[in-house]
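Here's the structure, in structure tokens; my notes come after.
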Amino acid sequence: MLDHVRDLESLREATERLLGAAARMDNASAAEASRLPGWSRGHVLAHLARNGDALVNVLEGRPMYADAATRDADIERDGPRPLDAQLADVRATADRFRRVAAVPADWTRTVVLRNGVTDVAARVPFRRLVEVELHHVDLGIGLELEDLSGDFVHREIDFLTERFAGHTDVPPLALTTPGGRTWRTGRADGTPATVTGPAPDLMGWLAGRRDGSALRTSDTTLPVLPPL
């Protein structure tokens, strides 16, 4: 059951954690490479700010981004800024998102995201929470996937397995944790291969943050997942 009020509070807390941790950097470390190929830590912060604006657009019924080229150009433009400008921008966009989300609205309505993807409005705060939590890890400044709450990790696995369900490029899969949680994803045809491991490693593999080396599979090798 989606609870956008709870997710908005979780988002506020996660944003404060990220800003507090990032504030301990300096300009030199902000310019260093993040864990995302081709992006500095500044690029990650710039993306977080522009994503906040983009999700405001979604909630207010506008296109999420003007187009893919504009999205990418904005991140490249803002990535090299000094750290204090980056942090002020992330905070300003977080405040803007919170103000828009506080306006009375129909949270059951359908909204349009990138590439024509649709979702219910009530899931947008969780989508933003995912951005903040995973990109905090991507900064490489101390937070790891294992530090994220179990509730968040399981919900993100729910979300990612739903996204890959029925995908023609993903074979039938049954994901399991040592604690007995199970998810099905990929194509519906055939007997699913079993992939087993700790929930943070399953989430990291699905989200493109880990190579799956900590997972065990009943098949010969893990499949290569398509980009999200």
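A note on labels: chains of the structure tokens are A, B, ... as shown, every chain counts residues from 1, and ligands are counted from 1 in their shown order.
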
**Item:** 10 Å contact set for segment 159-173 of chain A, only C-alpha atoms, chain neighbours under 4 positions out, as an MDAnalysis selection string
**Value:** chainID A and resid 126:127 153:155 183:195 203 206:207 217:219 222:226 228

**Message:** Env of Val117 of chain A: 12 Å cut, atoms = only C-alpha atoms, seq-sep filter 4 positions within chain, self excluded. Answer as JSON, numbers by chain.
**Reply:** {"A": [58, 63, 64, 110, 111, 112, 113, 163, 228]}

**Request:** Could you give me the residues within segment 166-218 of chain A that DSSP places in strand (DSSP E), as a PyMOL selection string?
**Result:** chain A and resi 173-176+182-185+193-196+216-217

The selected residues should be written to file as a short mmCIF file (atom, residue, chain, number, x, y, z; two decimals), in the first residue's frame (atoms: C-alpha atoms).
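Output saved as result.cif:
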data_model
loop_
_atom_site.label_atom_id
_atom_site.label_comp_id
_atom_site.auth_asym_id
_atom_site.auth_seq_id
_atom_site.Cartn_x
_atom_site.Cartn_y
_atom_site.Cartn_z
CA LEU A 173 13.96 -15.25 -12.64
CA ALA A 174 13.09 -16.06 -9.05
CA LEU A 175 15.02 -13.88 -6.61
CA THR A 176 15.33 -15.10 -3.04
CA THR A 182 10.98 -14.26 -3.00
CA TRP A 183 10.32 -12.15 -6.09
CA ARG A 184 9.52 -13.17 -9.68
CA THR A 185 10.60 -11.08 -12.64
CA ALA A 193 16.39 -19.53 -12.73
CA THR A 194 16.90 -18.90 -9.03
CA VAL A 195 19.12 -16.01 -7.91
CA THR A 196 19.90 -15.98 -4.20
CA ARG A 216 24.31 -17.43 -6.37
CA THR A 217 22.31 -18.62 -9.34
#

**Request:** Tell me, as a ChimeraX atom specification, which residues lie within 10 Å of Ala49 of chain A, counting only C-alpha atoms; anything in the same chain fewer than 4 positions away does not count.
**Result:** /A:43-45,53-54,75,78,86-94,132

Grab the residues selected above and save them as a compact mmCIF listing (two decimals), in the first residue's frame with C-alpha atoms.
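That gives us selection-v6.txt:
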# COMPACT_ATOMS: atom_id res chain seq x y z
CA HIS A 43 27.61 15.61 -11.44
CA VAL A 44 25.71 13.37 -9.01
CA LEU A 45 24.66 16.38 -6.93
CA ASP A 53 12.91 20.03 -10.45
CA ALA A 54 11.85 17.35 -12.94
CA ILE A 75 23.93 18.04 -15.59
CA ASP A 78 26.03 22.23 -13.26
CA GLN A 86 25.70 22.34 -5.31
CA LEU A 87 24.38 21.89 -1.78
CA ALA A 88 22.28 25.07 -1.93
CA ASP A 89 20.74 23.88 -5.20
CA VAL A 90 19.91 20.40 -3.86
CA ARG A 91 18.32 21.94 -0.77
CA ALA A 92 16.35 24.49 -2.79
CA THR A 93 14.95 21.85 -5.12
CA ALA A 94 14.13 19.59 -2.16
CA VAL A 132 18.34 10.38 -2.97

**Request:** Assign secondary structure with DSSP using the backbone only, and return the residues of segment 16-81 of chain A in helix (DSSP H, G or I) as a ChimeraX atom specification.
**Result:** /A:16-22,27-30,41-59,68-78
